[in-house]
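Asks: This is the content of final_23.cif (mmCIF, C-alpha atoms):
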```cif
data_entry
loop_
_atom_site.group_PDB
_atom_site.id
_atom_site.type_symbol
_atom_site.label_atom_id
_atom_site.label_comp_id
_atom_site.auth_asym_id
_atom_site.auth_seq_id
_atom_site.Cartn_x
_atom_site.Cartn_y
_atom_site.Cartn_z
ATOM 1 C CA MET J 806 167.745 -3.623 55.072
ATOM 2 C CA LYS J 807 170.851 -1.720 53.973
ATOM 3 C CA LEU J 808 170.643 -3.398 50.528
ATOM 4 C CA TYR J 809 167.066 -2.078 50.120
ATOM 5 C CA ARG J 810 168.187 1.465 50.865
ATOM 6 C CA ILE J 811 170.979 1.266 48.299
ATOM 7 C CA LEU J 812 168.619 -0.171 45.667
ATOM 8 C CA ILE J 813 165.970 2.467 46.385
ATOM 9 C CA LEU J 814 168.472 5.325 46.158
ATOM 10 C CA THR J 815 169.908 3.946 42.892
ATOM 11 C CA PHE J 816 166.412 3.512 41.453
ATOM 12 C CA ILE J 817 165.321 7.062 42.356
ATOM 13 C CA LEU J 818 168.505 8.612 40.958
ATOM 14 C CA THR J 819 168.031 6.675 37.710
ATOM 15 C CA ILE J 820 164.441 7.869 37.405
ATOM 16 C CA PHE J 821 165.253 11.532 37.891
ATOM 17 C CA SER J 822 168.380 11.517 35.735
ATOM 18 C CA SER J 823 166.346 10.000 32.880
ATOM 19 C CA THR J 824 163.565 12.555 33.263
ATOM 20 C CA ASN J 825 165.965 15.507 33.373
ATOM 21 C CA SER J 826 167.668 14.434 30.148
ATOM 22 C CA LEU J 827 164.572 15.299 28.089
ATOM 23 C CA SER J 828 165.181 17.914 25.436
ATOM 24 C CA GLN J 829 163.360 21.229 25.713
ATOM 25 C CA ASP J 830 161.100 20.599 22.718
ATOM 26 C CA HIS J 831 159.515 17.546 24.358
ATOM 27 C CA ARG J 832 156.859 17.884 26.976
ATOM 28 C CA PHE J 833 156.626 16.726 30.566
ATOM 29 C CA GLY J 834 153.350 15.814 32.274
ATOM 30 C CA ALA J 835 152.222 15.319 35.858
ATOM 31 C CA GLY J 836 148.965 13.954 37.163
ATOM 32 C CA ILE J 837 147.214 11.272 39.147
ATOM 33 C CA MET J 838 146.623 7.553 38.782
ATOM 34 C CA ILE J 839 143.812 5.682 40.499
ATOM 35 C CA GLY J 840 143.782 1.937 41.034
ATOM 36 C CA GLU J 841 146.474 -0.293 42.402
ATOM 37 C CA PRO J 842 148.563 1.694 43.244
ATOM 38 C CA THR J 843 146.994 5.163 43.680
ATOM 39 C CA GLY J 844 149.120 8.304 43.584
ATOM 40 C CA ILE J 845 151.140 10.684 41.411
ATOM 41 C CA ASN J 846 152.146 9.889 37.831
ATOM 42 C CA LEU J 847 154.839 11.670 35.791
ATOM 43 C CA LYS J 848 155.571 11.244 32.084
ATOM 44 C CA GLY J 849 158.353 12.664 29.958
ATOM 45 C CA TRP J 850 158.409 12.210 26.191
ATOM 46 C CA LEU J 851 161.815 11.203 24.807
ATOM 47 C CA THR J 852 160.744 11.073 21.118
ATOM 48 C CA LYS J 853 157.411 11.196 19.286
ATOM 49 C CA LYS J 854 156.810 7.529 20.160
ATOM 50 C CA THR J 855 158.803 6.840 23.337
ATOM 51 C CA ALA J 856 158.494 8.102 26.886
ATOM 52 C CA ILE J 857 159.559 7.508 30.479
ATOM 53 C CA ASP J 858 156.737 7.044 32.988
ATOM 54 C CA VAL J 859 157.172 7.316 36.767
ATOM 55 C CA GLY J 860 154.690 6.522 39.520
ATOM 56 C CA LEU J 861 154.925 7.559 43.179
ATOM 57 C CA ALA J 862 151.956 5.970 44.883
ATOM 58 C CA TRP J 863 150.409 4.049 47.741
ATOM 59 C CA SER J 864 149.409 0.425 47.532
ATOM 60 C CA PHE J 865 146.459 -0.706 49.629
ATOM 61 C CA VAL J 866 146.493 -4.416 48.771
ATOM 62 C CA LYS J 867 147.058 -6.621 51.855
ATOM 63 C CA GLU J 868 148.975 -3.914 53.767
ATOM 64 C CA THR J 869 149.572 -0.232 53.070
ATOM 65 C CA SER J 870 152.910 0.404 51.396
ATOM 66 C CA PHE J 871 154.675 3.025 49.265
ATOM 67 C CA HIS J 872 155.154 2.112 45.599
ATOM 68 C CA ILE J 873 157.674 3.602 43.129
ATOM 69 C CA HIS J 874 157.828 2.511 39.505
ATOM 70 C CA SER J 875 159.474 3.663 36.311
ATOM 71 C CA ASP J 876 158.804 2.331 32.805
ATOM 72 C CA TYR J 877 160.214 2.858 29.331
ATOM 73 C CA LEU J 878 157.168 3.119 27.022
ATOM 74 C CA ILE J 879 156.741 2.697 23.269
ATOM 75 C CA HIS J 880 153.564 4.158 21.718
ATOM 76 C CA SER J 881 151.828 3.010 18.549
ATOM 77 C CA PHE J 882 149.565 5.725 17.102
ATOM 78 C CA ASP J 883 148.483 3.850 13.953
ATOM 79 C CA VAL J 884 146.471 1.040 15.573
ATOM 80 C CA PHE J 885 143.152 2.921 15.447
ATOM 81 C CA GLU J 886 141.993 4.554 12.207
ATOM 82 C CA THR J 887 140.724 7.772 13.732
ATOM 83 C CA LYS J 888 141.577 11.460 13.706
ATOM 84 C CA GLU J 889 141.933 11.395 17.480
ATOM 85 C CA ASN J 890 145.302 11.012 19.215
ATOM 86 C CA ILE J 891 144.810 7.514 20.610
ATOM 87 C CA SER J 892 147.746 5.191 21.092
ATOM 88 C CA LEU J 893 148.371 1.755 22.434
ATOM 89 C CA TYR J 894 151.553 1.535 24.440
ATOM 90 C CA TYR J 895 153.736 -1.117 25.993
ATOM 91 C CA GLY J 896 156.944 -1.132 27.923
ATOM 92 C CA ILE J 897 159.129 -2.523 30.624
ATOM 93 C CA GLY J 898 160.412 -1.098 33.858
ATOM 94 C CA GLY J 899 160.976 -1.686 37.509
ATOM 95 C CA ARG J 900 159.218 -1.148 40.767
ATOM 96 C CA ILE J 901 159.996 -0.886 44.445
ATOM 97 C CA LYS J 902 157.282 -1.467 47.018
ATOM 98 C CA ILE J 903 158.277 -0.279 50.490
ATOM 99 C CA GLY J 904 156.297 -1.744 53.361
ATOM 100 C CA ASP J 905 157.153 -3.065 56.777
ATOM 101 C CA HIS J 906 160.749 -4.290 57.027
ATOM 102 C CA ASP J 907 159.801 -7.795 55.840
ATOM 103 C CA LYS J 908 157.121 -6.707 53.309
ATOM 104 C CA SER J 909 159.246 -4.659 50.866
ATOM 105 C CA ARG J 910 159.490 -5.859 47.257
ATOM 106 C CA LEU J 911 161.724 -5.239 44.227
ATOM 107 C CA GLY J 912 160.755 -6.407 40.744
ATOM 108 C CA PHE J 913 160.169 -5.878 37.012
ATOM 109 C CA ARG J 914 157.010 -4.440 35.416
ATOM 110 C CA MET J 915 155.708 -5.273 31.966
ATOM 111 C CA VAL J 916 153.124 -2.593 31.158
ATOM 112 C CA GLY J 917 150.495 -2.202 28.450
ATOM 113 C CA GLY J 918 147.773 0.378 28.014
ATOM 114 C CA ILE J 919 145.822 2.854 25.956
ATOM 115 C CA ASN J 920 146.457 6.610 25.919
ATOM 116 C CA TYR J 921 144.126 9.420 24.741
ATOM 117 C CA ILE J 922 145.901 12.720 24.079
ATOM 118 C CA PHE J 923 143.668 15.786 23.730
ATOM 119 C CA ARG J 924 144.416 17.823 20.599
ATOM 120 C CA GLU J 925 143.271 21.218 21.881
ATOM 121 C CA ALA J 926 144.323 20.945 25.532
ATOM 122 C CA PRO J 927 147.548 19.871 27.290
ATOM 123 C CA PHE J 928 145.935 16.811 28.921
ATOM 124 C CA ASP J 929 145.931 13.076 28.412
ATOM 125 C CA LEU J 930 144.040 10.109 29.850
ATOM 126 C CA PHE J 931 145.406 6.605 30.224
ATOM 127 C CA LEU J 932 144.313 3.108 31.218
ATOM 128 C CA GLU J 933 146.973 0.470 31.888
ATOM 129 C CA VAL J 934 147.669 -3.011 33.182
ATOM 130 C CA ALA J 935 151.082 -4.088 34.485
ATOM 131 C CA PRO J 936 152.040 -7.640 35.440
ATOM 132 C CA ILE J 937 154.909 -7.541 37.952
ATOM 133 C CA LEU J 938 157.565 -10.138 38.593
ATOM 134 C CA ASP J 939 158.970 -9.496 42.057
ATOM 135 C CA LEU J 940 162.461 -10.887 42.620
ATOM 136 C CA VAL J 941 163.278 -9.680 46.145
ATOM 137 C CA PRO J 942 162.689 -10.961 48.815
ATOM 138 C CA LYS J 943 161.118 -13.859 46.882
ATOM 139 C CA THR J 944 159.948 -14.541 43.350
ATOM 140 C CA GLU J 945 156.273 -13.708 43.053
ATOM 141 C CA LEU J 946 153.920 -12.631 40.237
ATOM 142 C CA THR J 947 151.522 -9.754 41.011
ATOM 143 C CA MET J 948 149.497 -7.199 39.034
ATOM 144 C CA ASN J 949 148.953 -3.441 38.923
ATOM 145 C CA ALA J 950 146.123 -1.746 37.028
ATOM 146 C CA GLY J 951 144.622 1.701 36.946
ATOM 147 C CA PHE J 952 143.613 4.788 35.050
ATOM 148 C CA GLY J 953 144.718 8.368 35.273
ATOM 149 C CA ALA J 954 145.059 11.851 33.837
ATOM 150 C CA ARG J 955 148.030 14.166 33.342
ATOM 151 C CA TYR J 956 148.579 17.846 32.577
ATOM 152 C CA PHE J 957 151.476 18.573 30.189
ATOM 153 C CA PHE J 958 153.699 21.598 30.723
ATOM 154 C CA ARG J 959 155.013 23.452 27.695
#
```
Show the structure stored in the file as structure tokens.
Replies:
Amino acid sequence: MKLYRILILTFILTIFSSTNSLSQDHRFGAGIMIGEPTGINLKGWLTKKTAIDVGLAWSFVKETSFHIHSDYLIHSFDVFETKENISLYYGIGGRIKIGDHDKSRLGFRMVGGINYIFREAPFDLFLEVAPILDLVPKTELTMNAGFGARYFFR
């Protein structure tokens, strides 16, 4: 169990050090995500096409557990020929699922989704799917999916 605590602490420190390194002219958003898992979602833009996404949520599949994930995302805004700010995005990251002492998981996420960014308001909507390859305590393939909304601070 001590290894899990070290991995969790390292993961959380990495998430927050990445988010704090955003320059002042990029925006940071906070909101909710509903699905598997359900909870709080944070997003910080690194460039015009890349961002860091963090989820702090609860998983209700099989047994209730706390879920933390962080992904590096790349957005493509030229897929749809529209005047709206719609992007497809994809990325890779990691997740920790903390359950009972023998139900905790550590793995990689491969995420893909669609993002609608409002032009006149500091909000966005997203819909995503994320296959997960858990490595600890055993190798197992699972899936996350959900939708959400975020408010962006200036």
Asks: Give me the residues near Ser909 (chain J) as a list in words, where near means some atom within 9 Å (using all atoms listed in the file) and where sequence neighbours in that chain fewer than 5 positions away do not count.
Replies: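 The residues satisfying every condition are Tyr809, Ser870, Ile901, Lys902, Ile903, Gly904, Val941 and Pro942 of chain J.
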Asks: Residues of region 867-895 of chain J that approach region 912-929 of chain J to 9 Å or less, counting only C-alpha atoms: could you list each one with the shortest pair of atoms and its distance in Å to one decimal, rows by chain and increasing residue number, as a tab-separated table?
Replies:
```
residue	atom	partner	partner_atom	distance
J:His874	CA	J:Arg914	CA	8.1
J:Ser875	CA	J:Arg914	CA	8.5
J:Asp876	CA	J:Arg914	CA	7.5
J:Leu878	CA	J:Val916	CA	8.1
J:His880	CA	J:Asn920	CA	8.6
J:Glu889	CA	J:Arg924	CA	7.6
J:Asn890	CA	J:Ile922	CA	5.2
J:Ile891	CA	J:Tyr921	CA	4.6
J:Ser892	CA	J:Asn920	CA	5.2
J:Leu893	CA	J:Ile919	CA	4.5
J:Tyr894	CA	J:Gly918	CA	5.3
J:Tyr895	CA	J:Gly917	CA	4.2
```
Asks: List the spatial neighbours of Thr947 (chain J) as an MDAnalysis selection string - criterion: any atom at most 9 Å away, only C-alpha atoms, same-chain residues fewer than 3 positions off excluded.
Replies: chainID J and resid 935:939
Asks: Go ahead and write the selection's residues with C-alpha atoms as an mmCIF file, in the frame of the given file.
Replies:
```cif
data_model
loop_
_atom_site.group_PDB
_atom_site.id
_atom_site.type_symbol
_atom_site.label_atom_id
_atom_site.label_comp_id
_atom_site.auth_asym_id
_atom_site.auth_seq_id
_atom_site.Cartn_x
_atom_site.Cartn_y
_atom_site.Cartn_z
ATOM 1 C CA ALA J 935 151.082 -4.088 34.485
ATOM 2 C CA PRO J 936 152.040 -7.640 35.440
ATOM 3 C CA ILE J 937 154.909 -7.541 37.952
ATOM 4 C CA LEU J 938 157.565 -10.138 38.593
ATOM 5 C CA ASP J 939 158.970 -9.496 42.057
#
```
Asks: For this file, the PyMOL selection byres ((chain J and resi 868) around 9) selects which residues, as a PyMOL selection string?
Replies: chain J and resi 864-867+869-870+904-905+908
Asks: Extract, using all atoms listed in the file, all DNA, RNA and protein residues at most 12 Å from Gly836 (chain J), discarding same-chain residues fewer than 2 positions from it, and format them as a PyMOL selection string.
Replies: chain J and resi 833-834+838-839+843-849+858-862+927-931+952-958
Asks: To one decimal in Å, tell me the separation between CA of Ile857 (chain J) and CA of Arg832 (chain J).
Replies: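 These two atoms are separated by 11.3 Å.
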Asks: Hey, what comes out of the PyMOL selection byres ((chain J and resi 853) around 10) on this file? Could you write it as a list in words?
Replies: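 Taken on the displayed file, the PyMOL selection byres ((chain J and resi 853) around 10) yields the residues His831, Trp850, Leu851, Thr852, Lys854, Thr855, Ala856, Ile879, His880, Ser881 and Phe882 of chain J.
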Asks: So for region 921-932 of chain J, what box centre and size do we get, axis-aligned, 6 Å extra on each of the six sides, every listed atom, Å to one decimal, as lines of an AutoDock Vina configuration file?
Replies:
```
center_x = 145.4
center_y = 12.2
center_z = 25.9
size_x = 16.3
size_y = 30.1
size_z = 22.6
```
Asks: So, counting all atoms listed in the file, which residue among J:Glu933, J:His872, J:Arg959, J:Leu911 is closest to Glu945 (chain J)?
Replies: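 Closest residue, counting all atoms listed in the file: J:Leu911.
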Asks: What is the CA of Phe885 (chain J)-CA of Val934 (chain J) distance in Å, reported with one decimal?
Replies: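 So the two atoms, CA of Phe885 (chain J) and CA of Val934 (chain J), lie 19.2 Å apart.
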Asks: Could you check how far CA of Tyr877 (chain J) sits from CA of Thr944 (chain J), in Å to one decimal?
Replies: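 The value is 22.3 Å.
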